[in-house]
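J.: Structure file run.cif (mmCIF, C-alpha atoms and all ligand atoms) is given on the next line.
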data_target
loop_
_atom_site.label_atom_id
_atom_site.label_comp_id
_atom_site.auth_asym_id
_atom_site.auth_seq_id
_atom_site.Cartn_x
_atom_site.Cartn_y
_atom_site.Cartn_z
CA MET A 1 5.76 25.65 5.79
CA SER A 2 6.77 23.44 8.69
CA HIS A 3 5.17 20.02 9.00
CA ASP A 4 3.50 21.18 12.22
CA ASP A 5 1.05 23.51 10.57
CA ARG A 6 0.29 21.89 7.28
CA PRO A 7 -3.43 21.61 6.63
CA ALA A 8 -5.22 18.29 6.59
CA PRO A 9 -5.57 17.61 2.86
CA MET A 10 -8.81 15.70 2.79
CA ALA A 11 -12.49 16.15 3.44
CA GLN A 12 -13.61 15.92 7.03
CA ASP A 13 -16.71 13.89 6.22
CA ALA A 14 -14.88 10.99 4.57
CA ASP A 15 -16.87 8.42 6.53
CA ARG A 16 -20.14 9.83 5.30
CA GLU A 17 -19.16 8.98 1.73
CA PRO A 18 -20.70 5.78 0.37
CA LYS A 19 -18.66 2.71 1.17
CA ALA A 20 -16.19 1.82 -1.55
CA PHE A 21 -15.41 -1.71 -2.74
CA GLY A 22 -11.98 -2.79 -3.98
CA VAL A 23 -10.59 -5.88 -5.66
CA TYR A 24 -6.95 -6.76 -4.92
CA ILE A 25 -5.24 -9.20 -7.31
CA HIS A 26 -1.90 -10.65 -6.14
CA TRP A 27 0.77 -11.65 -8.68
CA PRO A 28 3.29 -13.61 -6.61
CA PHE A 29 6.40 -13.70 -8.83
CA CYS A 30 9.55 -11.59 -9.15
CA LEU A 31 12.70 -11.92 -11.27
CA SER A 32 14.81 -11.94 -8.10
CA LYS A 33 14.18 -11.49 -4.40
CA CYS A 34 15.26 -8.17 -2.90
CA PRO A 35 17.07 -8.73 0.43
CA TYR A 36 14.83 -6.36 2.44
CA CYS A 37 11.47 -7.64 1.16
CA ASP A 38 9.09 -10.02 2.95
CA PHE A 39 6.15 -9.73 0.57
CA ASN A 40 4.67 -12.97 -0.76
CA SER A 41 6.91 -13.09 -3.82
CA HIS A 42 8.69 -16.03 -5.39
CA VAL A 43 11.34 -16.56 -8.05
CA ARG A 44 10.74 -19.33 -10.60
CA ARG A 45 13.12 -20.69 -13.23
CA GLU A 46 10.37 -22.12 -15.40
CA PRO A 47 8.05 -19.81 -17.33
CA ILE A 48 4.76 -19.10 -15.54
CA ASP A 49 1.62 -20.62 -17.06
CA GLU A 50 -0.34 -17.37 -17.17
CA ALA A 51 -3.43 -18.95 -18.80
CA ARG A 52 -3.69 -21.32 -15.84
CA PHE A 53 -3.45 -18.37 -13.45
CA VAL A 54 -6.16 -16.50 -15.36
CA ARG A 55 -8.52 -19.49 -14.98
CA ALA A 56 -7.80 -19.64 -11.26
CA TYR A 57 -8.24 -15.87 -10.78
CA ALA A 58 -11.54 -16.11 -12.71
CA ALA A 59 -12.78 -18.88 -10.41
CA GLU A 60 -11.81 -16.99 -7.26
CA ILE A 61 -13.33 -13.72 -8.53
CA GLY A 62 -16.60 -15.58 -9.27
CA ALA A 63 -16.64 -17.32 -5.88
CA THR A 64 -16.01 -14.03 -4.04
CA ALA A 65 -18.62 -12.10 -6.05
CA ALA A 66 -21.22 -14.75 -5.12
CA ARG A 67 -20.57 -14.01 -1.42
CA VAL A 68 -21.09 -10.25 -1.78
CA PRO A 69 -23.79 -9.74 -4.42
CA GLY A 70 -24.70 -6.25 -5.58
CA ARG A 71 -21.33 -4.59 -4.97
CA THR A 72 -19.98 -1.97 -7.35
CA VAL A 73 -16.21 -2.09 -7.77
CA ASN A 74 -14.52 1.30 -7.27
CA SER A 75 -10.93 0.11 -7.47
CA ILE A 76 -8.88 -2.81 -8.79
CA PHE A 77 -5.24 -3.16 -7.74
CA PHE A 78 -2.66 -5.54 -9.21
CA GLY A 79 -0.02 -5.91 -6.49
CA GLY A 80 2.90 -8.21 -5.93
CA GLY A 81 5.36 -9.55 -6.35
CA THR A 82 5.89 -7.92 -9.69
CA PRO A 83 2.65 -7.58 -11.66
CA SER A 84 4.55 -5.85 -14.46
CA LEU A 85 5.84 -9.33 -15.36
CA MET A 86 2.28 -10.27 -16.40
CA GLN A 87 1.48 -10.15 -20.09
CA PRO A 88 -0.95 -7.30 -20.87
CA ALA A 89 -3.37 -9.94 -22.23
CA THR A 90 -3.34 -11.61 -18.79
CA VAL A 91 -4.21 -8.31 -17.10
CA ALA A 92 -6.98 -7.70 -19.69
CA ALA A 93 -8.43 -11.16 -19.09
CA VAL A 94 -8.50 -10.68 -15.32
CA LEU A 95 -10.22 -7.30 -15.71
CA ASP A 96 -12.81 -8.92 -18.00
CA HIS A 97 -13.54 -11.50 -15.32
CA VAL A 98 -14.01 -8.79 -12.69
CA ALA A 99 -16.49 -7.04 -15.02
CA GLN A 100 -18.34 -10.30 -15.66
CA HIS A 101 -18.96 -10.90 -11.96
CA PHE A 102 -19.34 -7.39 -10.52
CA SER A 103 -20.70 -4.10 -11.70
CA VAL A 104 -17.77 -1.75 -12.14
CA ALA A 105 -17.97 2.00 -11.48
CA ALA A 106 -17.51 4.17 -14.56
CA ASN A 107 -14.62 5.98 -12.87
CA VAL A 108 -12.95 2.82 -11.51
CA GLU A 109 -9.31 3.22 -10.51
CA VAL A 110 -7.19 0.38 -11.93
CA THR A 111 -3.63 0.36 -10.55
CA LEU A 112 -0.75 -1.93 -11.46
CA GLU A 113 2.52 -2.11 -9.50
CA ALA A 114 5.51 -2.10 -11.81
CA ASN A 115 9.24 -2.50 -11.44
CA PRO A 116 11.00 0.31 -13.29
CA THR A 117 13.04 -1.61 -15.86
CA SER A 118 12.96 -0.87 -19.55
CA VAL A 119 11.50 -4.31 -20.31
CA GLU A 120 8.54 -3.62 -18.07
CA ALA A 121 8.06 -0.04 -19.25
CA ALA A 122 7.74 -1.45 -22.78
CA ARG A 123 4.50 -3.12 -21.65
CA PHE A 124 2.89 0.06 -20.26
CA ARG A 125 0.93 0.83 -23.44
CA GLY A 126 -0.45 -2.70 -23.42
CA TYR A 127 -1.55 -2.30 -19.81
CA ARG A 128 -3.34 0.93 -20.65
CA ALA A 129 -5.12 -0.77 -23.55
CA ALA A 130 -6.11 -3.53 -21.10
CA GLY A 131 -7.81 -0.98 -18.81
CA VAL A 132 -5.09 -0.02 -16.32
CA ASN A 133 -5.29 3.73 -15.61
CA ARG A 134 -2.68 4.15 -12.87
CA VAL A 135 0.80 2.68 -12.30
CA SER A 136 2.86 2.59 -9.15
CA LEU A 137 6.59 2.14 -9.75
CA GLY A 138 9.09 0.75 -7.24
CA VAL A 139 11.97 3.17 -7.82
CA GLN A 140 13.31 2.72 -4.23
CA ALA A 141 16.42 4.96 -4.62
CA LEU A 142 18.05 7.32 -7.09
CA ASP A 143 21.63 6.22 -6.41
CA ASP A 144 23.09 3.26 -8.31
CA ARG A 145 25.29 2.13 -5.43
CA VAL A 146 22.29 2.02 -3.11
CA LEU A 147 20.15 0.28 -5.73
CA ALA A 148 22.80 -2.44 -5.96
CA GLU A 149 22.81 -2.82 -2.16
CA LEU A 150 19.01 -3.12 -2.26
CA GLY A 151 19.39 -5.92 -4.82
CA ARG A 152 17.50 -4.00 -7.47
CA LEU A 153 17.77 -4.96 -11.14
CA HIS A 154 17.56 -1.39 -12.48
CA SER A 155 19.74 1.72 -12.40
CA ALA A 156 18.55 5.16 -11.26
CA ARG A 157 18.55 6.35 -14.87
CA GLU A 158 16.49 3.39 -16.05
CA ALA A 159 14.02 4.01 -13.22
CA LEU A 160 13.64 7.69 -14.11
CA GLU A 161 13.16 6.72 -17.75
CA ALA A 162 10.40 4.32 -16.69
CA VAL A 163 8.79 7.16 -14.69
CA GLY A 164 8.93 9.33 -17.83
CA ILE A 165 7.30 6.58 -19.91
CA ALA A 166 4.60 6.15 -17.24
CA ARG A 167 3.95 9.91 -17.32
CA SER A 168 3.57 9.90 -21.09
CA ILE A 169 1.05 7.03 -21.04
CA PHE A 170 -0.93 7.36 -17.80
CA ASP A 171 -2.69 10.40 -16.34
CA ARG A 172 -2.06 8.97 -12.89
CA TYR A 173 1.22 7.48 -11.70
CA SER A 174 3.09 7.15 -8.44
CA PHE A 175 6.46 5.86 -7.39
CA ASP A 176 7.98 4.47 -4.21
CA LEU A 177 11.24 5.36 -2.50
CA ILE A 178 12.78 3.76 0.58
CA TYR A 179 14.57 6.11 2.98
CA ALA A 180 16.24 5.91 6.40
CA ARG A 181 18.68 3.54 4.73
CA PRO A 182 22.07 2.60 6.19
CA GLN A 183 24.41 5.62 6.34
CA GLN A 184 21.92 7.94 4.66
CA SER A 185 22.50 11.57 5.67
CA SER A 186 19.83 14.28 5.73
CA GLN A 187 21.66 16.13 2.98
CA GLN A 188 21.80 13.09 0.68
CA TRP A 189 18.12 12.34 1.29
CA ALA A 190 17.11 15.97 0.69
CA GLU A 191 18.90 15.95 -2.68
CA GLU A 192 17.38 12.64 -3.70
CA LEU A 193 13.89 13.63 -2.57
CA LYS A 194 14.05 16.94 -4.45
CA ILE A 195 14.82 15.07 -7.68
CA ALA A 196 11.95 12.69 -6.94
CA LEU A 197 9.55 15.56 -6.24
CA GLY A 198 10.56 17.14 -9.53
CA GLU A 199 9.57 13.91 -11.30
CA ALA A 200 6.44 13.25 -9.25
CA GLY A 201 2.91 13.50 -10.59
CA GLU A 202 0.10 13.51 -8.06
CA HIS A 203 1.40 10.82 -5.70
CA LEU A 204 4.56 9.54 -3.98
CA SER A 205 5.06 6.71 -1.46
CA LEU A 206 8.05 7.23 0.86
CA TYR A 207 8.75 4.29 3.16
CA GLN A 208 11.27 4.19 5.96
CA LEU A 209 13.35 1.02 5.61
CA THR A 210 12.06 -1.63 7.98
CA ILE A 211 14.10 -4.69 8.83
CA GLU A 212 11.70 -7.56 8.27
CA PRO A 213 12.26 -10.84 10.14
CA ASP A 214 13.74 -13.74 8.16
CA THR A 215 15.09 -11.58 5.34
CA PRO A 216 18.79 -11.35 4.35
CA PHE A 217 18.73 -7.76 5.70
CA ALA A 218 17.58 -9.08 9.08
CA ALA A 219 20.56 -11.47 9.17
CA LEU A 220 23.00 -8.69 8.21
CA HIS A 221 21.42 -6.40 10.79
CA ALA A 222 21.69 -9.02 13.52
CA ALA A 223 25.36 -9.55 12.62
CA GLY A 224 26.04 -5.82 12.92
CA LYS A 225 26.81 -5.55 9.20
CA LEU A 226 23.89 -3.32 8.33
CA ARG A 227 23.28 -0.35 10.53
CA THR A 228 20.01 1.54 10.25
CA PRO A 229 19.83 5.18 11.41
CA ASP A 230 19.36 5.78 15.13
CA ASP A 231 16.06 7.24 16.34
CA ASP A 232 17.19 10.88 16.16
CA THR A 233 18.52 10.54 12.62
CA ALA A 234 15.40 8.66 11.51
CA ARG A 235 13.27 11.41 13.05
CA ALA A 236 15.26 14.12 11.26
CA LEU A 237 14.83 12.26 7.95
CA TYR A 238 11.10 11.92 8.59
CA ASP A 239 10.69 15.62 9.44
CA LEU A 240 12.65 16.60 6.36
CA THR A 241 10.38 14.39 4.26
CA GLN A 242 7.23 16.03 5.62
CA ASP A 243 8.56 19.56 5.10
CA LEU A 244 9.89 19.04 1.58
CA CYS A 245 6.81 17.18 0.35
CA ALA A 246 4.48 19.84 1.79
CA ALA A 247 6.57 22.58 0.20
CA TYR A 248 6.23 20.85 -3.19
CA GLY A 249 2.44 20.51 -2.81
CA LEU A 250 2.37 16.80 -1.91
CA PRO A 251 1.55 16.71 1.80
CA ALA A 252 1.25 13.42 3.65
CA TYR A 253 -2.32 12.11 3.61
CA GLU A 254 -1.10 8.89 5.25
CA VAL A 255 2.02 8.06 7.27
CA SER A 256 4.08 7.09 4.19
CA ASN A 257 1.94 8.41 1.34
CA HIS A 258 1.93 11.88 -0.16
CA ALA A 259 -0.42 13.36 -2.72
CA ARG A 260 -1.70 16.51 -4.25
CA PRO A 261 -5.28 16.96 -3.00
CA GLY A 262 -7.44 14.62 -5.10
CA GLY A 263 -4.45 12.49 -6.15
CA GLU A 264 -4.70 10.01 -3.25
CA CYS A 265 -4.60 6.29 -4.06
CA ARG A 266 -8.28 5.41 -3.84
CA HIS A 267 -7.50 1.72 -3.46
CA ASN A 268 -5.36 2.14 -0.38
CA LEU A 269 -7.94 4.55 1.07
CA ILE A 270 -10.35 1.58 1.03
CA TYR A 271 -8.00 -0.26 3.42
CA TRP A 272 -7.34 2.71 5.67
CA ARG A 273 -10.99 3.80 5.84
CA GLY A 274 -12.07 0.26 6.72
CA HIS A 275 -14.20 -0.29 3.65
CA GLU A 276 -14.62 -3.61 1.82
CA TYR A 277 -12.17 -5.43 -0.44
CA ALA A 278 -11.84 -8.82 -2.05
CA GLY A 279 -8.40 -10.49 -1.89
CA ILE A 280 -7.76 -12.58 -5.01
CA GLY A 281 -4.66 -14.68 -5.74
CA PRO A 282 -2.01 -16.38 -3.57
CA GLY A 283 -1.67 -14.90 -0.08
CA ALA A 284 -4.23 -12.13 -0.66
CA HIS A 285 -6.20 -10.72 2.26
CA GLY A 286 -9.79 -9.48 2.10
CA ARG A 287 -12.42 -7.84 4.29
CA LEU A 288 -16.04 -8.60 3.38
CA ASP A 289 -19.19 -7.42 5.17
CA ILE A 290 -21.66 -10.31 5.01
CA GLY A 291 -24.94 -10.43 6.94
CA GLY A 292 -23.86 -7.63 9.27
CA GLU A 293 -20.58 -9.34 10.13
CA ARG A 294 -17.07 -8.43 9.03
CA HIS A 295 -15.13 -11.34 7.54
CA ALA A 296 -11.31 -11.34 7.39
CA THR A 297 -10.23 -13.66 4.59
CA ALA A 298 -6.83 -14.94 3.49
CA THR A 299 -5.88 -17.28 0.69
CA GLU A 300 -3.21 -19.99 0.46
CA LYS A 301 0.18 -18.26 0.10
CA ARG A 302 2.19 -20.73 -1.99
CA PRO A 303 1.43 -20.06 -5.66
CA GLU A 304 1.32 -23.66 -6.86
CA ALA A 305 -0.64 -24.84 -3.81
CA TRP A 306 -3.08 -21.96 -4.35
CA LEU A 307 -3.57 -23.00 -7.99
CA LYS A 308 -4.30 -26.58 -6.97
CA LEU A 309 -6.69 -25.52 -4.23
CA VAL A 310 -8.64 -23.25 -6.57
CA GLU A 311 -8.75 -25.95 -9.24
CA ALA A 312 -10.06 -28.46 -6.71
CA SER A 313 -12.51 -26.29 -4.76
CA GLY A 314 -13.22 -23.12 -6.77
CA HIS A 315 -11.35 -20.76 -4.45
CA GLY A 316 -8.10 -20.57 -2.47
CA VAL A 317 -9.45 -19.18 0.82
CA VAL A 318 -7.82 -20.89 3.80
CA THR A 319 -8.89 -18.42 6.50
CA ASP A 320 -12.33 -16.88 6.87
CA GLU A 321 -12.75 -15.40 10.29
CA ILE A 322 -15.65 -13.32 11.60
CA LEU A 323 -14.15 -10.40 13.50
CA ILE A 324 -15.57 -9.63 16.94
CA PRO A 325 -16.55 -5.98 17.66
CA GLU A 326 -13.28 -5.32 19.51
CA GLU A 327 -11.26 -6.52 16.50
CA VAL A 328 -13.32 -4.41 14.09
CA SER A 329 -12.88 -1.29 16.20
CA ASP A 330 -9.15 -1.94 16.75
CA GLU A 331 -8.74 -2.14 12.97
CA ILE A 332 -10.57 1.18 12.61
CA LEU A 333 -7.96 2.74 14.92
CA LEU A 334 -4.95 0.94 13.48
CA MET A 335 -5.78 1.73 9.89
CA GLY A 336 -7.75 4.99 10.20
CA LEU A 337 -5.28 6.85 12.40
CA ARG A 338 -2.63 6.37 9.70
CA LEU A 339 -4.62 8.92 7.70
CA ALA A 340 -4.32 12.69 8.19
CA GLU A 341 -8.15 12.80 8.13
CA GLY A 342 -8.31 10.42 11.13
CA ILE A 343 -11.44 8.47 12.13
CA ASP A 344 -15.08 9.23 12.78
CA ILE A 345 -15.50 8.76 16.54
CA ALA A 346 -19.20 7.81 16.23
CA ARG A 347 -18.34 5.07 13.75
CA TYR A 348 -15.65 3.71 16.05
CA GLU A 349 -18.03 3.68 19.01
CA ALA A 350 -20.81 2.03 17.00
CA ALA A 351 -18.39 -0.72 15.92
CA SER A 352 -16.86 -1.33 19.35
CA GLY A 353 -20.03 -0.89 21.39
CA ARG A 354 -18.15 1.27 23.90
CA PRO A 355 -16.82 4.83 24.03
CA LEU A 356 -13.15 5.68 23.69
CA ASP A 357 -11.56 6.03 27.12
CA PRO A 358 -12.02 9.76 28.01
CA GLU A 359 -8.98 9.80 30.31
CA ARG A 360 -6.65 8.47 27.65
CA ILE A 361 -8.07 10.87 25.11
CA ALA A 362 -7.54 13.78 27.52
CA LEU A 363 -3.94 12.75 28.22
CA LEU A 364 -3.03 12.30 24.56
CA ARG A 365 -4.66 15.65 23.76
CA ALA A 366 -2.78 17.32 26.60
CA HIS A 367 0.46 16.01 25.07
CA GLY A 368 -0.58 17.43 21.70
CA LEU A 369 -0.49 14.01 20.03
CA ILE A 370 -4.14 13.84 18.94
CA GLU A 371 -6.95 16.29 18.28
CA ILE A 372 -10.72 16.14 17.93
CA THR A 373 -12.31 18.15 15.15
CA PRO A 374 -15.66 19.97 15.44
CA ALA A 375 -17.07 17.35 13.02
CA GLY A 376 -16.35 14.61 15.59
CA ARG A 377 -13.21 13.15 14.06
CA LEU A 378 -10.23 11.97 16.03
CA ARG A 379 -6.93 12.50 14.30
CA VAL A 380 -3.27 12.30 15.07
CA THR A 381 -1.42 15.64 15.02
CA PRO A 382 1.85 16.13 13.09
CA PRO A 383 3.89 15.72 16.34
CA GLY A 384 1.85 12.56 17.05
CA PHE A 385 2.67 10.80 13.77
CA PRO A 386 6.27 9.84 14.62
CA VAL A 387 4.88 8.02 17.70
CA LEU A 388 1.75 6.70 15.96
CA ASP A 389 2.24 3.08 17.10
CA ALA A 390 2.30 4.17 20.75
CA VAL A 391 -0.78 6.40 20.28
CA VAL A 392 -2.74 3.55 18.69
CA ALA A 393 -1.62 1.05 21.32
CA ASP A 394 -2.73 3.46 24.04
CA LEU A 395 -6.17 4.00 22.54
CA ALA A 396 -6.75 0.36 21.61
CA ALA A 397 -5.71 -1.12 24.94
C1 LIG B 1 4.96 -5.00 -3.12
S1 LIG B 1 6.34 -3.99 -2.93
C2 LIG B 1 7.01 -3.78 -4.51
C3 LIG B 1 6.48 -3.64 -5.80
C4 LIG B 1 7.48 -3.98 -6.88
N1 LIG B 1 7.73 -5.38 -6.90
C5 LIG B 1 8.83 -3.30 -6.70
O1 LIG B 1 9.66 -3.83 -5.99
O2 LIG B 1 9.04 -2.27 -7.34
C6 LIG B 1 5.73 -2.38 -2.57
C7 LIG B 1 6.74 -1.43 -1.92
O3 LIG B 1 7.01 -1.77 -0.60
C8 LIG B 1 8.21 -1.15 -0.21
N2 LIG B 1 8.96 -2.05 0.67
C9 LIG B 1 9.10 -3.39 0.54
N3 LIG B 1 9.84 -3.88 1.57
C10 LIG B 1 10.19 -2.81 2.35
C11 LIG B 1 10.97 -2.65 3.55
N4 LIG B 1 11.54 -3.70 4.16
N5 LIG B 1 11.08 -1.41 4.08
C12 LIG B 1 10.50 -0.35 3.48
N6 LIG B 1 9.78 -0.43 2.34
C13 LIG B 1 9.63 -1.65 1.78
C14 LIG B 1 8.97 -0.83 -1.49
O4 LIG B 1 9.10 0.56 -1.64
C15 LIG B 1 8.09 -1.41 -2.56
O5 LIG B 1 8.11 -0.65 -3.74
S1 LIG B 2 10.61 -5.45 -3.48
FE1 LIG B 2 9.34 -5.90 -5.26
S2 LIG B 2 10.77 -6.88 -6.73
FE2 LIG B 2 11.77 -6.93 -4.77
S3 LIG B 2 11.23 -8.98 -3.96
FE3 LIG B 2 9.74 -7.48 -3.10
S4 LIG B 2 8.03 -7.57 -4.46
FE4 LIG B 2 9.77 -8.51 -5.56
#
For the file at hand, write its structure as structure tokens.
T.:
Amino acid sequence: MSHDDRPAPMAQDADREPKAFGVYIHWPFCLSKCPYCDFNSHVRREPIDEARFVRAYAAEIGATAARVPGRTVNSIFFGGGTPSLMQPATVAAVLDHVAQHFSVAANVEVTLEANPTSVEAARFRGYRAAGVNRVSLGVQALDDRVLAELGRLHSAREALEAVGIARSIFDRYSFDLIYARPQQSSQQWAEELKIALGEAGEHLSLYQLTIEPDTPFAALHAAGKLRTPDDDTARALYDLTQDLCAAYGLPAYEVSNHARPGGECRHNLIYWRGHEYAGIGPGAHGRLDIGGERHATATEKRPEAWLKLVEASGHGVVTDEILIPEEVSDEILLMGLRLAEGIDIARYEAASGRPLDPERIALLRAHGLIEITPAGRLRVTPPGFPVLDAVVADLAA
């Protein structure tokens, strides 16, 4: 099947489902810093005082729960950094604190991001006993030379072994690969992706390498020492990705995320569908609906400063901004159009207080970049996805 005629994998009435609530917990430490990565992650020589972090997480969870009483948690996500460096007892304690302050849905999804080394895989059983029911592994590549260039601390074999251990312990697992890497040919990527699809469960995240400002990769790129694929090559790699994943039964449900129907990451759907989530831990972002207004929150990024702030004031929130209708509706477009299911037009118009511009809609439809479903959803077409940023910018302007 070509990527142009693959079916939309998800229900059309997604916005009529009850709103979901997620809790994101950020663990800000890694063993080393990968040269492409600009996530809020830090390397420390001294051991981390995990008990002190648990107390601070507990305080911030309690303070957030008090702002949004009555919520039921549908998803908890430990992201990083490298949460698989946390002791299982630390993860268990944090989950206990979430349950003390919120009601938690019986079928809650609890995901933990893990680096695929043998040391970390040895903790997987402990994480499951703590309540984690899904892991997401950062495999990144299946070629040892490339893994070394990406600054990774694991080999391809070790990563695949970690995937195997995850499969034997968790019903739900996912792993990440980065493609459109320097000098990567379509043939190399096809071979690598086929191996990955053979190892995949219900979910795969496939990210095109982005050169993030102020990273070592950005400096190499600026100096001409790291050449990313040109637009045509990147497009060919993207098309190949869509076709292969669809053929293996894992179509894209989001720009970079592929799943068997029903295997989507429910936590990330909360972000893309514009539902509510609490951001806990250093540099975590949240969106909370309080008194009819949407709050965008962010906490102090530096781990030690965050600890001190929470210890002094009970939470580490440094930004708490009420979004104006235009910002809320722009977020609906920016996040929702990443999904194959698209957005509910009525919901967008209720949030923004104005209709989408009919002329722009007509032009984008005439170019085959968007479509409107009979159920009143606006979604980007397969040919529209490679130019998603331009489509969103056009509609949001
Ligand atoms: C929070 S990060 C990593 C989780 C975990 N620490 C790891 O490295 O395995 C989540 C994912 O973002 C992706 N990522 C990070 N920086 C990227 C970049 N510059 N370009 C593309 N993907 C990137 C990687 O695939 C990574 O697994
Ligand atoms: S990619 Fe993962 S391991 Fe590497 S620095 Fe970023 S968060 Fe840490």
J.: Please, which residues have at least one atom within 6 Å of an atom of ligand LIG 1 (chain B), using all atoms listed in the file, listed as a count of residues only?
T.: 20
J.: Quick one: residues within 7 Å of Glu321 of chain A, all atoms listed in the file counted, chain neighbours fewer than 5 positions away excluded, as a compact mmCIF listing (two decimals) with C-alpha atoms, in the coordinates of the input?
T.:
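The resulting file, result_28.txt, is shown below:
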# COMPACT_ATOMS: atom_id res chain seq x y z
CA HIS A 295 -15.13 -11.34 7.54
CA ALA A 296 -11.31 -11.34 7.39
CA THR A 297 -10.23 -13.66 4.59
J.: Could you give me, as JSON lines, every segment 183-282 of chain A residue with an atom at most 9 Å from segment 328-339 of chain A, plus its closest atom pair and distance in Å to one decimal, counting all atoms listed in the file, rows ordered by chain then number?
T.:
{"residue": "A:Ala252", "atom": "CA", "partner": "A:Leu339", "partner_atom": "CA", "distance": 8.4}
{"residue": "A:Tyr253", "atom": "CA", "partner": "A:Leu339", "partner_atom": "CA", "distance": 5.7}
{"residue": "A:Glu254", "atom": "CA", "partner": "A:Leu339", "partner_atom": "CA", "distance": 4.3}
{"residue": "A:Val255", "atom": "CA", "partner": "A:Arg338", "partner_atom": "CA", "distance": 5.5}
{"residue": "A:Ser256", "atom": "CA", "partner": "A:Arg338", "partner_atom": "CA", "distance": 8.7}
{"residue": "A:Leu269", "atom": "CA", "partner": "A:Leu339", "partner_atom": "CA", "distance": 8.6}
{"residue": "A:Tyr271", "atom": "CA", "partner": "A:Met335", "partner_atom": "CA", "distance": 7.1}
{"residue": "A:Trp272", "atom": "CA", "partner": "A:Met335", "partner_atom": "CA", "distance": 4.6}
{"residue": "A:Arg273", "atom": "CA", "partner": "A:Gly336", "partner_atom": "CA", "distance": 5.6}
{"residue": "A:Gly274", "atom": "CA", "partner": "A:Ile332", "partner_atom": "CA", "distance": 6.1}
J.: Using all atoms listed in the file, pick whichever of A:Phe102, A:Pro386, A:Ile372, A:Glu158 has the shortest atom-to-atom distance to Leu237 of chain A.
T.: A:Pro386
J.: So how far away is atom CA of Pro116 of chain A from atom CA of His154 of chain A, in Å?
T.: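 We find that atom CA of His154 of chain A and atom CA of Pro116 of chain A lie 6.8 Å from each other.
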J.: In Å to one decimal, how far is atom CA of Ile280 of chain A from atom CA of Ile61 of chain A?
T.: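 Separation of atom CA of Ile61 of chain A and atom CA of Ile280 of chain A: 6.7 Å.
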J.: Mind checking which residues fall within 12 Å of Ala99 of chain A, counting all atoms listed in the file, ignoring those fewer than 3 positions away in the same chain, and posting them as an MDAnalysis selection string?
T.: chainID A and resid 23 58 61:62 65 71:76 92:96 102:106 108 131
J.: Give me the box for ligand LIG 2 (chain B) as AutoDock Vina command-line options, namely the centre and edge lengths in Å to one decimal of a box along x, y and z that holds every listed atom plus 6 Å on each side.
T.:
--center_x 9.9 --center_y -7.2 --center_z -4.9 --size_x 15.7 --size_y 15.5 --size_z 15.6
J.: Looking at all atoms listed in the file, which of A:Pro28, A:Pro213, A:Gly201, A:Pro355 is the one that sits closest to ligand LIG 2 (chain B)?
T.: A:Pro28
J.: Pick out the residues sitting within 7 Å of Ser352 of chain A, and hand them over as a PyMOL selection string; count all atoms listed in the file, and ignore anything fewer than 3 positions along from it in its own chain.
T.: chain A and resi 325-326+329+348-349
J.: Distance atom CA of His275 of chain A-atom CA of Lys19 of chain A, one decimal place?
T.: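 Computing the Euclidean distance for atom CA of His275 of chain A and atom CA of Lys19 of chain A yields 5.9 Å.
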J.: Of the candidates A:His101, A:Arg152, A:His26, A:Arg67, which shows the shortest atom-to-atom distance to ligand LIG 2 (chain B), using only C-alpha atoms and all ligand atoms?
T.: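 Looking at the shortest contact to ligand LIG 2 (chain B), the residue is A:Arg152.
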J.: Skipping near chain neighbours, those fewer than 6 positions away, what residues fall within 9 Å of Ala56 of chain A using all atoms listed in the file, listed as a ChimeraX atom specification?
T.: /A:281,306-308,310-311,314-316
J.: Taking into account only C-alpha atoms, which residue in the set A:Leu288, A:Ser185, A:Tyr57, A:Ala278 is nearest to Ala236 of chain A?
T.: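 Once distances to Ala236 of chain A are computed over only C-alpha atoms, the minimum belongs to A:Ser185.
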J.: Contacts of Thr319 of chain A at 12 Å or less, counting all atoms listed in the file, minus same-chain residues fewer than 5 places along, as a ChimeraX atom specification?
T.: /A:279,283-287,295-301
J.: I'd like to know which of A:Val43, A:Phe77, A:Trp27, A:Pro69 is closest to Ile270 of chain A, using all atoms listed in the file.
T.: A:Phe77
